Every structure is written in structure tokens, then in C-alpha cells.
$ cat work11.pdb   # PDB, C-alpha atoms
ATOM      1  CA  ASP A   1     -29.599 -21.757  -2.961
ATOM      2  CA  ALA A   2     -30.258 -23.451   0.378
ATOM      3  CA  LYS A   3     -32.717 -21.490   2.504
ATOM      4  CA  THR A   4     -33.144 -20.889   6.202
ATOM      5  CA  THR A   5     -36.297 -20.707   8.299
ATOM      6  CA  GLN A   6     -36.469 -18.642  11.462
ATOM      7  CA  PRO A   7     -39.322 -17.603  13.756
ATOM      8  CA  ASN A   8     -40.516 -14.080  13.010
ATOM      9  CA  SER A   9     -40.165 -12.974  16.608
ATOM     10  CA  MET A  10     -39.067 -14.072  20.066
ATOM     11  CA  GLU A  11     -39.095 -12.585  23.530
ATOM     12  CA  SER A  12     -36.640 -13.011  26.335
ATOM     13  CA  ASN A  13     -36.177 -11.664  29.823
ATOM     14  CA  GLU A  14     -33.143  -9.619  30.612
ATOM     15  CA  GLU A  15     -30.195 -11.525  32.085
ATOM     16  CA  GLU A  16     -31.592 -14.864  30.945
ATOM     17  CA  PRO A  17     -30.190 -17.067  28.158
ATOM     18  CA  VAL A  18     -31.752 -16.846  24.716
ATOM     19  CA  HIS A  19     -31.829 -19.644  22.169
ATOM     20  CA  LEU A  20     -32.572 -18.472  18.636
ATOM     21  CA  PRO A  21     -33.357 -21.385  16.302
ATOM     22  CA  CYS A  22     -32.711 -21.714  12.592
ATOM     23  CA  ASN A  23     -33.772 -24.538  10.296
ATOM     24  CA  HIS A  24     -31.783 -25.238   7.145
ATOM     25  CA  SER A  25     -32.898 -28.684   6.045
ATOM     26  CA  THR A  26     -31.504 -28.290   2.501
ATOM     27  CA  ILE A  27     -28.029 -27.296   3.641
ATOM     28  CA  SER A  28     -25.199 -28.798   1.618
ATOM     29  CA  GLY A  29     -22.107 -30.331   3.139
ATOM     30  CA  THR A  30     -19.964 -27.320   2.357
ATOM     31  CA  ASP A  31     -22.325 -24.533   3.437
ATOM     32  CA  TYR A  32     -21.200 -22.372   6.330
ATOM     33  CA  ILE A  33     -23.817 -21.135   8.807
ATOM     34  CA  HIS A  34     -23.548 -17.402   9.501
ATOM     35  CA  TRP A  35     -25.386 -15.227  11.982
ATOM     36  CA  TYR A  36     -25.695 -11.469  11.777
ATOM     37  CA  ARG A  37     -27.810  -9.116  13.825
ATOM     38  CA  GLN A  38     -29.218  -5.677  13.125
ATOM     39  CA  LEU A  39     -29.795  -3.303  15.993
ATOM     40  CA  PRO A  40     -32.348  -0.517  15.535
ATOM     41  CA  SER A  41     -31.212   2.175  13.109
ATOM     42  CA  GLN A  42     -27.905   0.415  12.436
ATOM     43  CA  GLY A  43     -26.417  -1.783   9.755
ATOM     44  CA  PRO A  44     -26.189  -5.547  10.214
ATOM     45  CA  GLU A  45     -23.381  -6.746  12.451
ATOM     46  CA  TYR A  46     -21.503 -10.052  12.248
ATOM     47  CA  VAL A  47     -22.140 -12.324  15.218
ATOM     48  CA  ILE A  48     -20.673 -15.757  14.551
ATOM     49  CA  HIS A  49     -20.280 -18.499  11.955
ATOM     50  CA  GLY A  50     -19.520 -22.210  11.849
ATOM     51  CA  LEU A  51     -19.438 -25.305   9.668
ATOM     52  CA  THR A  52     -19.870 -28.435  11.768
ATOM     53  CA  SER A  53     -18.545 -27.928  15.266
ATOM     54  CA  ASN A  54     -20.079 -25.701  17.894
ATOM     55  CA  VAL A  55     -18.441 -22.283  18.055
ATOM     56  CA  ASN A  56     -18.025 -19.729  20.808
ATOM     57  CA  ASN A  57     -16.946 -16.117  20.747
ATOM     58  CA  ARG A  58     -17.336 -13.100  22.968
ATOM     59  CA  MET A  59     -20.783 -12.312  21.590
ATOM     60  CA  ALA A  60     -22.495 -15.678  21.428
ATOM     61  CA  SER A  61     -22.327 -19.427  20.920
ATOM     62  CA  LEU A  62     -23.433 -21.364  17.878
ATOM     63  CA  ALA A  63     -24.735 -24.871  18.381
ATOM     64  CA  ILE A  64     -24.977 -26.919  15.179
ATOM     65  CA  ALA A  65     -27.061 -30.081  15.030
ATOM     66  CA  GLU A  66     -25.229 -33.259  14.183
ATOM     67  CA  ASP A  67     -27.081 -33.592  10.868
ATOM     68  CA  ARG A  68     -26.528 -29.833  10.259
ATOM     69  CA  LYS A  69     -30.181 -29.343   9.344
ATOM     70  CA  SER A  70     -30.610 -26.861  12.150
ATOM     71  CA  SER A  71     -28.603 -24.577  14.366
ATOM     72  CA  THR A  72     -29.143 -22.413  17.425
ATOM     73  CA  LEU A  73     -27.628 -19.082  18.291
ATOM     74  CA  ILE A  74     -27.202 -18.799  22.035
ATOM     75  CA  LEU A  75     -26.926 -15.510  23.869
ATOM     76  CA  HIS A  76     -25.842 -16.570  27.315
ATOM     77  CA  ARG A  77     -27.200 -13.598  29.200
ATOM     78  CA  ALA A  78     -29.487 -11.278  27.258
ATOM     79  CA  THR A  79     -29.278  -7.562  27.828
ATOM     80  CA  LEU A  80     -31.547  -4.810  26.574
ATOM     81  CA  ARG A  81     -28.845  -3.989  24.030
ATOM     82  CA  ASP A  82     -29.288  -7.421  22.452
ATOM     83  CA  ALA A  83     -32.732  -6.446  21.156
ATOM     84  CA  ALA A  84     -32.301  -6.733  17.401
ATOM     85  CA  VAL A  85     -33.215  -8.683  14.280
ATOM     86  CA  TYR A  86     -31.087 -11.816  14.071
ATOM     87  CA  TYR A  87     -30.356 -13.291  10.642
ATOM     88  CA  CYS A  88     -29.311 -16.891   9.993
ATOM     89  CA  ILE A  89     -27.609 -17.211   6.605
ATOM     90  CA  LEU A  90     -25.945 -19.999   4.634
ATOM     91  CA  ARG A  91     -22.805 -19.346   2.612
ATOM     92  CA  PRO A  92     -21.219 -21.903   0.288
ATOM     93  CA  SER A  93     -17.651 -22.873   1.072
ATOM     94  CA  GLY A  94     -15.305 -20.972  -1.192
ATOM     95  CA  GLY A  95     -17.958 -18.394  -1.803
ATOM     96  CA  SER A  96     -17.393 -14.771  -1.032
ATOM     97  CA  ALA A  97     -19.232 -12.455   1.298
ATOM     98  CA  ARG A  98     -21.399 -11.442  -1.676
ATOM     99  CA  GLN A  99     -23.199 -14.727  -1.308
ATOM    100  CA  LEU A 100     -24.679 -13.742   2.034
ATOM    101  CA  THR A 101     -28.400 -13.525   1.251
ATOM    102  CA  PHE A 102     -30.360 -12.017   4.117
ATOM    103  CA  GLY A 103     -33.846 -13.345   4.862
ATOM    104  CA  SER A 104     -36.382 -11.768   7.186
ATOM    105  CA  GLY A 105     -34.708 -12.879  10.413
ATOM    106  CA  THR A 106     -36.018 -13.110  13.982
ATOM    107  CA  GLN A 107     -36.958  -9.964  15.863
ATOM    108  CA  LEU A 108     -35.713 -10.460  19.433
ATOM    109  CA  THR A 109     -37.374  -8.422  22.152
ATOM    110  CA  VAL A 110     -35.642  -8.332  25.540
ATOM    111  CA  LEU A 111     -37.910  -7.536  28.458
ATOM    112  CA  PRO A 112     -36.528  -5.741  31.521
TER     113      PRO A 112
ATOM    114  CA  GLU B   1     -10.214   1.275  13.845
ATOM    115  CA  ALA B   2     -12.753   3.371  11.964
ATOM    116  CA  GLY B   3     -15.638   1.415  10.549
ATOM    117  CA  VAL B   4     -17.397   1.804   7.224
ATOM    118  CA  ILE B   5     -18.391   5.438   6.899
ATOM    119  CA  GLN B   6     -21.462   6.474   4.947
ATOM    120  CA  SER B   7     -22.827   9.887   4.115
ATOM    121  CA  PRO B   8     -25.283  11.443   4.272
ATOM    122  CA  ARG B   9     -27.073   9.659   7.106
ATOM    123  CA  HIS B  10     -30.372  11.139   6.015
ATOM    124  CA  GLU B  11     -31.438  12.578   2.677
ATOM    125  CA  VAL B  12     -34.794  14.001   1.748
ATOM    126  CA  THR B  13     -35.270  14.985  -1.856
ATOM    127  CA  GLU B  14     -37.959  15.524  -4.411
ATOM    128  CA  MET B  15     -38.825  13.194  -7.232
ATOM    129  CA  GLY B  16     -36.647  13.771 -10.257
ATOM    130  CA  GLN B  17     -33.646  15.028  -8.331
ATOM    131  CA  GLU B  18     -30.243  13.370  -8.426
ATOM    132  CA  VAL B  19     -29.108  11.617  -5.271
ATOM    133  CA  THR B  20     -25.524  10.632  -4.479
ATOM    134  CA  LEU B  21     -24.689   8.395  -1.555
ATOM    135  CA  ARG B  22     -21.096   8.005  -0.434
ATOM    136  CA  CYS B  23     -19.119   5.269   1.255
ATOM    137  CA  LYS B  24     -15.632   4.949   2.701
ATOM    138  CA  PRO B  25     -14.768   1.298   3.340
ATOM    139  CA  ILE B  26     -12.477   0.018   6.059
ATOM    140  CA  SER B  27      -8.860   0.609   5.138
ATOM    141  CA  GLY B  28      -7.352  -2.536   3.665
ATOM    142  CA  HIS B  29     -10.651  -4.113   2.687
ATOM    143  CA  ASN B  30     -10.772  -4.812  -1.042
ATOM    144  CA  SER B  31     -14.420  -5.805  -1.476
ATOM    145  CA  LEU B  32     -17.279  -3.333  -1.272
ATOM    146  CA  PHE B  33     -21.004  -3.938  -1.367
ATOM    147  CA  TRP B  34     -24.060  -1.715  -1.705
ATOM    148  CA  TYR B  35     -27.320  -2.996  -0.196
ATOM    149  CA  ARG B  36     -30.820  -1.547  -0.051
ATOM    150  CA  GLN B  37     -33.271  -2.278   2.769
ATOM    151  CA  THR B  38     -37.022  -1.774   2.687
ATOM    152  CA  MET B  39     -39.817  -3.194   4.789
ATOM    153  CA  MET B  40     -41.291  -4.994   1.803
ATOM    154  CA  ARG B  41     -38.152  -6.532   0.312
ATOM    155  CA  GLY B  42     -35.744  -6.702   3.234
ATOM    156  CA  LEU B  43     -32.014  -6.388   2.595
ATOM    157  CA  GLU B  44     -31.057  -6.688  -1.071
ATOM    158  CA  LEU B  45     -27.583  -6.700  -2.610
ATOM    159  CA  LEU B  46     -27.374  -4.065  -5.358
ATOM    160  CA  ILE B  47     -23.760  -4.256  -6.519
ATOM    161  CA  TYR B  48     -20.438  -5.719  -5.469
ATOM    162  CA  PHE B  49     -16.910  -4.443  -6.199
ATOM    163  CA  ASN B  50     -13.653  -6.322  -5.843
ATOM    164  CA  ASN B  51     -10.407  -4.348  -6.068
ATOM    165  CA  ASN B  52     -12.423  -1.324  -7.260
ATOM    166  CA  VAL B  53     -13.907  -3.254 -10.187
ATOM    167  CA  PRO B  54     -17.656  -3.928 -10.365
ATOM    168  CA  ILE B  55     -18.073  -7.695 -10.315
ATOM    169  CA  ASP B  56     -21.811  -8.179 -10.088
ATOM    170  CA  ASP B  57     -24.393  -5.454 -10.628
ATOM    171  CA  SER B  58     -27.322  -7.770 -11.266
ATOM    172  CA  GLY B  59     -29.104  -6.375  -8.228
ATOM    173  CA  MET B  60     -29.155  -2.817  -9.514
ATOM    174  CA  PRO B  61     -32.850  -2.178 -10.106
ATOM    175  CA  GLU B  62     -32.723   0.072 -13.157
ATOM    176  CA  ASP B  63     -30.527   2.245 -15.317
ATOM    177  CA  ARG B  64     -31.347   5.123 -13.004
ATOM    178  CA  PHE B  65     -28.965   3.527 -10.524
ATOM    179  CA  SER B  66     -25.209   3.659 -11.001
ATOM    180  CA  ALA B  67     -22.248   2.966  -8.733
ATOM    181  CA  LYS B  68     -18.597   3.823  -8.972
ATOM    182  CA  MET B  69     -15.464   3.062  -7.039
ATOM    183  CA  PRO B  70     -12.725   5.398  -8.284
ATOM    184  CA  ASN B  71     -10.252   4.207  -5.658
ATOM    185  CA  ALA B  72      -9.919   1.779  -2.786
ATOM    186  CA  SER B  73     -11.182   4.237  -0.204
ATOM    187  CA  PHE B  74     -14.286   5.682  -1.820
ATOM    188  CA  SER B  75     -17.467   4.594  -3.566
ATOM    189  CA  THR B  76     -20.645   6.323  -4.665
ATOM    190  CA  LEU B  77     -24.147   5.147  -5.434
ATOM    191  CA  LYS B  78     -26.072   7.542  -7.631
ATOM    192  CA  ILE B  79     -29.762   7.631  -8.464
ATOM    193  CA  GLN B  80     -30.789   9.875 -11.327
ATOM    194  CA  PRO B  81     -33.636  10.705 -11.543
ATOM    195  CA  SER B  82     -34.923   9.625  -8.151
ATOM    196  CA  GLU B  83     -38.444   8.284  -7.621
ATOM    197  CA  PRO B  84     -40.548   7.828  -4.464
ATOM    198  CA  ARG B  85     -40.149   4.046  -4.703
ATOM    199  CA  ASP B  86     -36.404   4.506  -4.226
ATOM    200  CA  SER B  87     -37.076   5.524  -0.627
ATOM    201  CA  ALA B  88     -35.122   3.071   1.520
ATOM    202  CA  VAL B  89     -32.081   2.692   3.717
ATOM    203  CA  TYR B  90     -28.950   2.137   1.663
ATOM    204  CA  PHE B  91     -26.076   0.302   3.302
ATOM    205  CA  CYS B  92     -22.482   0.036   2.260
ATOM    206  CA  ALA B  93     -20.377  -2.887   3.517
ATOM    207  CA  SER B  94     -16.782  -3.952   3.051
ATOM    208  CA  SER B  95     -14.641  -7.047   3.571
ATOM    209  CA  PHE B  96     -11.450  -8.754   2.539
ATOM    210  CA  SER B  97     -12.229 -10.668  -0.641
ATOM    211  CA  GLY B  98     -13.060 -14.259   0.141
ATOM    212  CA  ALA B  99     -13.501 -13.418   3.799
ATOM    213  CA  ASN B 100     -16.406 -14.609   5.841
ATOM    214  CA  VAL B 101     -17.283 -11.345   7.492
ATOM    215  CA  LEU B 102     -19.004  -8.265   6.141
ATOM    216  CA  THR B 103     -18.708  -4.990   8.029
ATOM    217  CA  PHE B 104     -21.628  -2.646   7.410
ATOM    218  CA  GLY B 105     -21.902   1.097   7.677
ATOM    219  CA  ALA B 106     -24.694   2.811   9.588
ATOM    220  CA  GLY B 107     -26.667   3.387   6.410
ATOM    221  CA  SER B 108     -28.120   6.318   4.487
ATOM    222  CA  MET B 109     -31.850   6.783   4.852
ATOM    223  CA  LEU B 110     -33.281   8.184   1.625
ATOM    224  CA  THR B 111     -36.732   9.700   1.343
ATOM    225  CA  VAL B 112     -37.932  10.746  -2.094
ATOM    226  CA  LEU B 113     -41.053  12.882  -1.982
TER     227      LEU B 113
END
$ encode --input "work11.pdb" --output "C-alpha cells"
Amino acid sequence: DAKTTQPNSMESNEEEPVHLPCNHSTISGTDYIHWYRQLPSQGPEYVIHGLTSNVNNRMASLAIAEDRKSSTLILHRATLRDAAVYYCILRPSGGSARQLTFGSGTQLTVLP
Amino acid sequence: EAGVIQSPRHEVTEMGQEVTLRCKPISGHNSLFWYRQTMMRGLELLIYFNNNVPIDDSGMPEDRFSAKMPNASFSTLKIQPSEPRDSAVYFCASSFSGANVLTFGAGSMLTVL
């Protein structure tokens, strides 16, 4: 299975943009890039996913490198409530949600 | 819309006792997953059901663990007998089969003394 590499931790100031990187150099052409986050004492929560093109939704944006070997989750304006562990996960096309394998993620701290 | 509902939220028990964790998936979702999360091992998939049928239980650690899904709106994860190393947060999640998105419950924190 293709793996992802994320920094263990990052800090951001409140109300500033946050760019969370993810490397996936062994990604295959049909792997989707998923992001989930886990707030303290809660279950993981879906954030966004994409294949090749950049994606936007109400929570975040996903910027995917042209060669797809890396991606960046962008929180446009961090709030204290965005403090969480963010997971970058690859899922094969045609695969089911069972194939979401969670790594250790990036612990995001948002400073007031 | 109600989310995935898990109970109990917290369980403290003694070694050797039976533990039953419960999950109600989102109405209409036909896939259900049980995960376990510990500091050492992170989030691990234990078992996966599709249309109430267990599809993959390769993540179930031992015979002490069993899971059932008697109908589309209810699942249980049972540990008998429990051991201190079973202490963890157990999450239930549901989705439409083949869908991209998992919806997780708030988890059941189990402490086995």
C-alpha cells in the first residue's frame, strides 16, 4: 500500500492560514487523497478528498501537486477549534472506505 | 441528522469481565466499521460489515473479541474475557458501501483494570 508522510506537529496563529503538507511519493495513478481530522476526545471527521485537481469545500482546500507526489491541506483562517490531529490517507480508486488506513497524522496547535 | 451513536462513552471494568460496546450507525448507511485507537498503535481497523455481513475481520486481535450486526441499525463489539491491554478507545464508523466518506462516532473509552 502507498504510504504518506506528514510532520508530527505544526503550530499556527489564530486567524492565519495553515498549510498542512503530506508527501506520498509512491502514490499510484488511481489513488485518491483523503484528509480526516480528529478533535480532542472525538472520532475522526472527514475533511476533504481529491484525485488530481485542487478541491475546495466549506472546511478547507486541498492543493495537489502536478506530479501527485505531495498535497497540502489549507485551512484558510485557523480558529482555536481547528486544533486537532490531521490525517492524510490514500485510498485506491474503486476501493471502499475500509481501505482508509490511518497513520500518525499531524498534531496542529492553534495559538491565540 | 443523528450521527453514529456509541455507548457507553466510558467503561471501567476489571480484568476477566465481559465488555459489550454498542453502535447505532447512520440510518441508510450499509457499511459499518469498528476501530480501536491506542497511543502505541494509533487507529486500527478491527472489523468491517457490509449489509450486516462481516466482510473482513482480519484486524480482530484475538478470539476474545467478537462482533455482531443483527440488523442494519445496531452492532456490538464484545470482549470476553477482557484484559488490561484491551484498554483503548473503540470507535464505530459507518458509510454507504463504496463511498468515500466514513462518519465516526464519538467513541467508547474502555479501561480494564
$ interface_residues --input "work11.pdb" --of "chain B" --to "chain A" --cutoff "6 Å" --atoms "only C-alpha atoms" --output "PyMOL selection string"
chain B and resi 98+100+104-106
$ atom_distance --input "work11.pdb" --atom1 "CA of Glu66 in chain A" --atom2 "CA of Thr30 in chain A"
14.2 Å
$ residues_near_point --input "work11.pdb" --point "(-10.2, -7.4, -2.7)" --cutoff "12 Å" --atoms "only C-alpha atoms" --output "NGL selection string"
(:A and (96-98)) or (:B and (25-33 or 48-55 or 71-73 or 94-99))
$ write_last_selection --input "work11.pdb" --atoms "C-alpha atoms" --output "PDB file, keeping the file's coordinate frame"
ATOM      1  CA  SER A  96     -17.393 -14.771  -1.032  1.00  0.00           C
ATOM      2  CA  ALA A  97     -19.232 -12.455   1.298  1.00  0.00           C
ATOM      3  CA  ARG A  98     -21.399 -11.442  -1.676  1.00  0.00           C
TER       4      ARG A  98
ATOM      5  CA  PRO B  25     -14.768   1.298   3.340  1.00  0.00           C
ATOM      6  CA  ILE B  26     -12.477   0.018   6.059  1.00  0.00           C
ATOM      7  CA  SER B  27      -8.860   0.609   5.138  1.00  0.00           C
ATOM      8  CA  GLY B  28      -7.352  -2.536   3.665  1.00  0.00           C
ATOM      9  CA  HIS B  29     -10.651  -4.113   2.687  1.00  0.00           C
ATOM     10  CA  ASN B  30     -10.772  -4.812  -1.042  1.00  0.00           C
ATOM     11  CA  SER B  31     -14.420  -5.805  -1.476  1.00  0.00           C
ATOM     12  CA  LEU B  32     -17.279  -3.333  -1.272  1.00  0.00           C
ATOM     13  CA  PHE B  33     -21.004  -3.938  -1.367  1.00  0.00           C
ATOM     14  CA  TYR B  48     -20.438  -5.719  -5.469  1.00  0.00           C
ATOM     15  CA  PHE B  49     -16.910  -4.443  -6.199  1.00  0.00           C
ATOM     16  CA  ASN B  50     -13.653  -6.322  -5.843  1.00  0.00           C
ATOM     17  CA  ASN B  51     -10.407  -4.348  -6.068  1.00  0.00           C
ATOM     18  CA  ASN B  52     -12.423  -1.324  -7.260  1.00  0.00           C
ATOM     19  CA  VAL B  53     -13.907  -3.254 -10.187  1.00  0.00           C
ATOM     20  CA  PRO B  54     -17.656  -3.928 -10.365  1.00  0.00           C
ATOM     21  CA  ILE B  55     -18.073  -7.695 -10.315  1.00  0.00           C
ATOM     22  CA  ASN B  71     -10.252   4.207  -5.658  1.00  0.00           C
ATOM     23  CA  ALA B  72      -9.919   1.779  -2.786  1.00  0.00           C
ATOM     24  CA  SER B  73     -11.182   4.237  -0.204  1.00  0.00           C
ATOM     25  CA  SER B  94     -16.782  -3.952   3.051  1.00  0.00           C
ATOM     26  CA  SER B  95     -14.641  -7.047   3.571  1.00  0.00           C
ATOM     27  CA  PHE B  96     -11.450  -8.754   2.539  1.00  0.00           C
ATOM     28  CA  SER B  97     -12.229 -10.668  -0.641  1.00  0.00           C
ATOM     29  CA  GLY B  98     -13.060 -14.259   0.141  1.00  0.00           C
ATOM     30  CA  ALA B  99     -13.501 -13.418   3.799  1.00  0.00           C
TER      31      ALA B  99
END
$ residues_around --input "work11.pdb" --residues "range 5-20 of chain B" --least-positions-apart "2" --cutoff "12 Å" --atoms "all atoms listed in the file" --output "ChimeraX atom specification"
/A:41-43 /B:1-3,22-27,34,64-68,73-94,103-113
$ resolve_selection --input "work11.pdb" --expression "the PyMOL selection byres ((chain A and resi 109) around 9)" --output "PyMOL selection string"
chain A and resi 9-13+80+82-85+107-108+110-111
$ atom_distance --input "work11.pdb" --atom1 "CA of Pro17 in chain A" --atom2 "CA of Ile64 in chain A"
17.1 Å
$ atom_distance --input "work11.pdb" --atom1 "CA of Val55 in chain A" --atom2 "CA of Thr79 in chain A"
20.7 Å
$ resolve_selection --input "work11.pdb" --expression "the PyMOL selection byres ((chain B and resi 45) around 7)" --output "PyMOL selection string"
chain B and resi 34-36+43-44+46-47+59
$ resolve_selection --input "work11.pdb" --expression "the PyMOL selection byres ((chain A and resi 69) around 9)" --output "number ranges by chain"
A: 22-27, 64-68, 70-71
